[in-house]
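For reference, model.tsv is printed below; it contains TSV, C-alpha atoms.
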chain	number	residue	atom	x	y	z
A	40	MET	CA	6.65	11.57	170.22
A	41	GLY	CA	5.52	12.54	166.73
A	42	ARG	CA	3.08	15.28	165.83
A	43	GLY	CA	-0.50	14.31	165.19
A	44	LYS	CA	-2.08	14.67	161.80
A	45	ILE	CA	-4.02	17.85	161.18
A	46	GLU	CA	-7.33	17.48	159.44
A	47	ILE	CA	-7.25	19.38	156.16
A	48	LYS	CA	-10.42	21.43	155.90
A	49	LYS	CA	-11.51	25.01	155.76
A	50	ILE	CA	-10.85	26.97	158.95
A	51	GLU	CA	-14.11	28.61	159.98
A	52	ASN	CA	-12.67	31.21	162.37
A	53	PRO	CA	-11.52	34.22	160.26
A	54	ASN	CA	-8.76	35.21	162.69
A	55	SER	CA	-7.32	31.70	162.87
A	56	ARG	CA	-7.62	31.39	159.11
A	57	GLN	CA	-5.63	34.59	158.56
A	58	VAL	CA	-2.89	33.51	160.98
A	59	THR	CA	-2.60	30.10	159.33
A	60	PHE	CA	-2.50	31.70	155.86
A	61	SER	CA	0.37	33.99	156.84
A	62	LYS	CA	2.39	31.14	158.33
A	63	ARG	CA	1.83	28.72	155.46
A	64	ARG	CA	2.49	31.40	152.84
A	65	GLY	CA	5.81	32.26	154.41
A	66	GLY	CA	6.80	28.61	154.56
A	67	LEU	CA	5.81	28.03	150.93
A	68	LEU	CA	7.82	31.00	149.66
A	69	LYS	CA	10.80	29.90	151.74
A	70	LYS	CA	10.68	26.39	150.24
A	71	ALA	CA	10.41	27.82	146.72
A	72	HIS	CA	13.50	29.96	147.31
A	73	GLU	CA	15.44	26.98	148.66
A	74	LEU	CA	14.42	24.88	145.66
A	75	ALA	CA	15.56	27.56	143.23
A	76	VAL	CA	18.93	28.01	144.94
A	77	LEU	CA	19.75	24.38	145.66
A	78	CYS	CA	18.62	22.94	142.34
A	79	ASP	CA	19.23	25.95	140.05
A	80	ALA	CA	15.63	25.88	138.89
A	81	ASP	CA	13.29	28.59	137.67
A	82	VAL	CA	10.55	28.82	140.27
A	83	ALA	CA	7.51	31.07	140.26
A	84	VAL	CA	4.80	31.15	142.91
A	85	ILE	CA	1.56	33.14	142.60
A	86	ILE	CA	-0.83	33.35	145.56
A	87	PHE	CA	-4.17	35.13	145.87
A	88	SER	CA	-5.60	35.40	149.37
A	89	ASN	CA	-9.31	35.05	150.11
A	90	THR	CA	-9.54	38.86	150.17
A	91	GLY	CA	-8.07	39.10	146.65
A	92	LYS	CA	-4.59	40.26	147.69
A	93	LEU	CA	-1.72	39.11	145.45
A	94	PHE	CA	1.48	37.46	146.73
A	95	GLU	CA	4.17	36.24	144.31
A	96	TYR	CA	7.71	34.93	144.18
A	97	SER	CA	10.02	34.29	141.22
A	98	SER	CA	13.61	33.14	141.18
A	99	SER	CA	14.49	35.23	138.10
A	100	SER	CA	11.66	37.15	136.39
A	101	MET	CA	7.98	36.41	136.69
A	102	LYS	CA	7.27	37.67	133.16
A	103	LYS	CA	9.94	35.45	131.61
A	104	ILE	CA	8.78	32.41	133.51
A	105	LEU	CA	5.14	32.97	132.47
A	106	THR	CA	6.17	33.43	128.83
A	107	ARG	CA	8.13	30.19	128.97
A	108	TYR	CA	5.14	28.48	130.54
A	109	ASN	CA	2.79	29.65	127.77
A	110	LYS	CA	5.20	28.40	125.10
A	111	CYS	CA	5.26	25.00	126.70
A	112	LEU	CA	1.48	24.87	126.65
A	113	ASP	CA	1.35	25.78	122.96
A	114	SER	CA	3.95	23.16	122.06
A	115	THR	CA	2.27	20.29	123.79
A	116	LYS	CA	-1.18	21.11	122.35
A	117	ALA	CA	-2.91	19.04	124.88
A	118	PRO	CA	-6.55	20.06	124.83
A	119	GLU	CA	-7.30	17.85	127.75
A	120	LEU	CA	-5.18	20.09	129.91
A	121	VAL	CA	-7.30	23.10	129.06
A	122	GLU	CA	-10.33	22.91	131.26
A	123	LYS	CA	-13.14	25.32	131.58
A	124	PRO	CA	-13.03	27.05	134.92
A	125	GLU	CA	-15.92	26.23	137.13
A	126	LYS	CA	-18.23	28.98	138.15
A	127	VAL	CA	-17.44	29.37	141.79
A	128	GLU	CA	-18.80	32.07	144.04
A	129	PRO	CA	-16.11	34.71	144.57
A	130	LYS	CA	-14.19	34.48	147.81
A	131	GLU	CA	-14.73	38.15	148.52
A	132	VAL	CA	-18.44	37.52	149.01
A	133	ASP	CA	-17.78	34.89	151.67
A	134	VAL	CA	-15.38	37.21	153.47
A	135	LEU	CA	-17.89	40.06	153.46
A	136	LYS	CA	-20.63	37.78	154.76
A	137	GLU	CA	-18.42	36.69	157.64
A	138	GLU	CA	-17.56	40.30	158.47
A	139	ILE	CA	-21.24	41.22	158.46
A	140	GLU	CA	-22.02	38.36	160.85
A	141	MET	CA	-19.24	39.44	163.20
A	142	LEU	CA	-20.48	43.04	163.18
A	143	LYS	CA	-24.02	41.90	163.93
A	144	LEU	CA	-22.73	39.81	166.83
A	145	LYS	CA	-20.82	42.80	168.24
A	146	GLU	CA	-23.90	44.98	167.90
A	147	MET	CA	-26.04	42.45	169.77
A	148	ARG	CA	-23.49	42.27	172.58
A	149	LEU	CA	-23.33	46.05	172.84
A	150	LEU	CA	-27.10	45.98	173.34
A	151	GLY	CA	-26.70	43.41	176.13
A	152	LYS	CA	-28.00	40.49	174.08
A	153	ASP	CA	-26.53	37.13	173.03
A	154	LEU	CA	-24.00	37.11	175.88
A	155	MET	CA	-24.02	33.34	176.31
A	156	GLY	CA	-20.56	31.85	175.98
A	157	VAL	CA	-18.79	35.17	176.59
A	158	SER	CA	-15.86	34.95	179.02
A	159	MET	CA	-15.33	37.23	182.03
A	160	GLN	CA	-12.47	39.02	180.30
A	161	GLU	CA	-14.61	39.74	177.25
A	162	LEU	CA	-17.43	41.00	179.48
A	163	ARG	CA	-15.06	43.38	181.25
A	164	ALA	CA	-13.76	44.67	177.94
A	165	LEU	CA	-17.35	45.14	176.75
A	166	GLU	CA	-18.23	47.00	179.96
A	167	GLN	CA	-15.23	49.29	179.60
A	168	GLN	CA	-16.17	50.01	176.00
A	169	LEU	CA	-19.72	50.92	177.02
A	170	ASN	CA	-18.47	53.18	179.83
A	171	GLU	CA	-16.17	55.01	177.44
A	172	GLY	CA	-19.07	55.46	175.05
A	173	ILE	CA	-21.27	56.88	177.82
A	174	LEU	CA	-18.55	59.34	178.84
A	175	CYS	CA	-18.17	60.50	175.24
A	176	ILE	CA	-21.94	61.00	175.00
A	177	LYS	CA	-22.00	63.05	178.23
A	178	GLU	CA	-19.13	65.24	177.05
A	179	ARG	CA	-20.90	65.87	173.76
A	180	LYS	CA	-24.13	66.78	175.58
A	181	GLU	CA	-22.29	69.25	177.82
A	182	GLN	CA	-20.59	70.80	174.80
A	183	ILE	CA	-23.94	71.26	173.05
A	184	LEU	CA	-25.48	72.85	176.18
A	185	ILE	CA	-22.55	75.27	176.50
A	186	GLU	CA	-22.91	76.27	172.85
A	187	GLN	CA	-26.67	76.83	173.29
A	188	ILE	CA	-26.09	79.00	176.38
A	189	ALA	CA	-23.50	81.08	174.51
A	190	GLN	CA	-25.90	81.57	171.61
A	191	SER	CA	-28.68	82.62	174.00
A	192	ARG	CA	-26.42	85.21	175.61
A	193	MET	CA	-25.39	86.60	172.25
A	194	HIS	CA	-29.06	86.84	171.25
A	195	GLU	CA	-29.82	88.64	174.51
A	196	GLN	CA	-27.04	91.17	173.88
A	197	ARG	CA	-28.36	91.81	170.36
A	198	VAL	CA	-31.87	92.40	171.72
A	199	ILE	CA	-30.55	94.86	174.33
A	200	LEU	CA	-28.62	96.79	171.68
A	201	GLU	CA	-31.68	96.91	169.43
A	202	ASN	CA	-33.82	98.24	172.30
A	203	GLU	CA	-31.29	100.97	173.07
A	204	THR	CA	-31.17	101.95	169.40
A	205	LEU	CA	-34.97	102.17	169.26
A	206	ARG	CA	-35.05	104.32	172.42
A	207	ARG	CA	-32.54	106.76	170.92
A	208	GLN	CA	-34.54	106.99	167.72
A	209	VAL	CA	-37.74	107.69	169.67
A	210	ASP	CA	-35.99	110.43	171.66
A	211	GLU	CA	-34.70	112.01	168.44
A	212	LEU	CA	-38.19	111.98	166.93
A	213	ARG	CA	-39.61	113.62	170.05
A	214	GLY	CA	-37.01	116.37	169.70
A	215	PHE	CA	-38.28	117.20	166.22
A	216	PHE	CA	-41.91	117.56	167.44
A	217	PRO	CA	-41.94	119.55	170.75
A	218	LEU	CA	-45.19	119.61	172.67
A	219	ASN	CA	-46.94	123.10	172.68
A	220	CYS	CA	-49.30	123.12	175.61
A	221	ASN	CA	-50.29	126.84	175.17
A	222	GLN	CA	-51.79	126.43	171.72
A	223	ALA	CA	-55.56	126.88	171.88
A	224	PRO	CA	-57.82	124.90	169.60
A	225	LEU	CA	-59.93	126.58	167.00
A	226	CYS	CA	-63.47	127.24	168.16
A	227	ILE	CA	-66.70	129.07	167.30
A	228	GLU	CA	-68.01	131.66	169.74
A	229	PHE	CA	-71.53	133.01	169.54
A	230	HIS	CA	-72.73	136.14	171.30
A	231	ALA	CA	-76.28	137.46	171.22
A	232	MET	CA	-76.72	140.77	169.40
A	233	GLY	CA	-79.18	143.61	169.93
A	234	LYS	CA	-82.24	144.25	167.85
A	235	ASN	CA	-80.88	147.53	166.52
A	236	THR	CA	-77.66	146.00	165.20
A	237	PRO	CA	-77.44	146.52	161.46
A	238	THR	CA	-76.58	143.60	159.26
A	239	VAL	CA	-73.67	143.52	156.91
A	240	ASN	CA	-74.53	143.38	153.25
A	241	GLU	CA	-73.22	140.41	151.35
A	242	GLY	CA	-70.45	141.21	148.93
A	243	SER	CA	-69.65	144.63	150.48
A	244	GLY	CA	-66.11	144.73	151.72
A	245	SER	CA	-63.79	142.08	152.99
A	246	PRO	CA	-64.29	139.88	156.08
A	247	GLU	CA	-62.12	142.32	158.01
A	248	THR	CA	-64.50	145.21	157.11
A	249	ALA	CA	-67.41	143.11	158.25
A	250	CYS	CA	-65.61	142.32	161.46
A	251	ASN	CA	-64.73	145.97	162.04
A	252	GLY	CA	-68.28	146.99	161.23
A	253	THR	CA	-69.46	145.18	164.29
A	254	LEU	CA	-67.07	147.25	166.34
A	255	VAL	CA	-68.53	150.65	165.13
A	256	HIS	CA	-72.13	150.23	166.25
A	257	GLU	CA	-72.64	151.03	169.88
A	258	ASP	CA	-76.03	149.31	170.16
A	259	SER	CA	-74.56	145.82	169.71
A	260	ASP	CA	-74.15	143.88	172.91
A	261	THR	CA	-72.49	140.76	171.54
A	262	THR	CA	-70.67	139.70	168.42
A	263	LEU	CA	-70.26	136.45	166.46
A	264	HIS	CA	-66.67	135.49	165.74
A	265	LEU	CA	-65.30	132.51	163.74
A	266	GLY	CA	-61.75	131.65	164.62
A	267	PRO	CA	-59.46	131.26	167.60
A	268	PRO	CA	-60.51	133.14	170.74
A	269	SER	CA	-57.62	135.61	170.39
A	270	GLY	CA	-59.73	138.75	170.74
A	271	ILE	CA	-58.54	140.28	167.45
A	272	CYS	CA	-61.90	140.73	165.71
A	273	ARG	CA	-64.06	140.81	168.83
A	274	LYS	CA	-64.59	143.75	171.13
A	275	ARG	CA	-67.56	144.49	173.28
A	276	LYS	CA	-68.68	148.12	173.32
A	277	THR	CA	-69.25	149.97	176.54
A	278	PRO	CA	-72.90	150.83	177.23
A	279	GLU	CA	-74.01	154.44	176.54
A	280	GLY	CA	-74.62	155.14	180.20
A	281	GLU	CA	-71.07	154.31	181.09
A	282	ILE	CA	-69.78	156.43	178.16
A	283	GLN	CA	-71.87	159.49	179.20
A	284	SER	CA	-70.76	159.23	182.82
A	285	SER	CA	-67.16	158.99	181.81
A	286	ASN	CA	-67.52	162.02	179.50
A	287	SER	CA	-69.14	164.11	182.25
A	288	GLU	CA	-66.33	163.28	184.60
A	289	ASN	CA	-63.82	164.35	181.99
A	290	GLU	CA	-65.66	167.70	181.44
A	291	VAL	CA	-65.86	168.57	185.12
A	292	GLY	CA	-62.28	167.70	185.84
A	293	PRO	CA	-60.34	169.28	188.64
A	294	GLN	CA	-60.99	173.00	189.30

Would you give me this structure, written as structure tokens?
Amino acid sequence: MGRGKIEIKKIENPNSRQVTFSKRRGGLLKKAHELAVLCDADVAVIIFSNTGKLFEYSSSSMKKILTRYNKCLDSTKAPELVEKPEKVEPKEVDVLKEEIEMLKLKEMRLLGKDLMGVSMQELRALEQQLNEGILCIKERKEQILIEQIAQSRMHEQRVILENETLRRQVDELRGFFPLNCNQAPLCIEFHAMGKNTPTVNEGSGSPETACNGTLVHEDSDTTLHLGPPSGICRKRKTPEGEIQSSNSENEVGPQ
């Protein structure tokens, strides 16, 4: 039973087209080699795939064969053989368009859309692919969380060290300025003075003389002192009665 005829037309499926191209290219190069060996002929084959990849075969030298071919063209001078190439859309554009369509279809299926006509095996493969993607996403999330926790702990340690440094600095500053609780503030004390107390002339003597002058007069009951209440420039005199009684006791004395 003979083989049926195959319709010669462009194969729409890119995978099937690539498989057919590889098979037919291998067969063509094999036939060219057989022709060159069996018939002792110079054979050259040049093939460009739809992606622009070059495949060639030559029985002797491709350069020599092409030079011989150009000489034959010049000798015949047949202008009718020289035709202007038609402006055809490059094959690379068609290939890229097909790849873009396939990628869009895969994207739609990953989103759960356009699943009509998909076999059970393809659905299982798609499900496995999605599960693997989800696992990778979870692992990445856990890794990011672990990194954030580690950074937070490092920040906490830095804050603790900074607080300890500040405490030590505060303690050192307190050591330079000890607290003196016994120091009395400066104040002004006023004491009433008697009528017979003489006044101190302005410009006569120093402030110490004026202060001592208040100590000489016995009639003064109180003094006015400016400065800390240390008792240096202030002294209350004993009344005359007490002085006379004390003198009489000293004169009598023990017999």

Shortest contact to Glu138 of chain A, candidates A:Ser99, A:Ser114, A:Thr90, A:Gln190, atoms counted all atoms listed in the file, goes to A:Thr90

So what do you get for atom CA of Ala75 of chain A versus atom CA of Val58 of chain A, distance-wise?
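Atom CA of Ala75 of chain A sits 26.3 Å away from atom CA of Val58 of chain A.
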
Here atom CA of Asp153 of chain A and atom CA of Thr59 of chain A stand apart by 28.5 Å

Work out how far atom CA of Glu51 of chain A is from atom CA of Glu140 of chain A, in Å to one decimal.
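So the answer is 12.6 Å.
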
Excluding Val82 of chain A and any residue of its chain fewer than 3 positions from it, enumerate the residues within 8 Å of it, using all atoms listed in the file, and give them as number ranges by chain.
A: 71-72, 74-75, 96-99, 104

Leu162 of chain A surroundings by all atoms listed in the file, 12 Å radius, close-in-sequence under 3 positions cut, as a VMD selection string:
chain A and resid 145 148 to 149 151 to 159 165 to 169
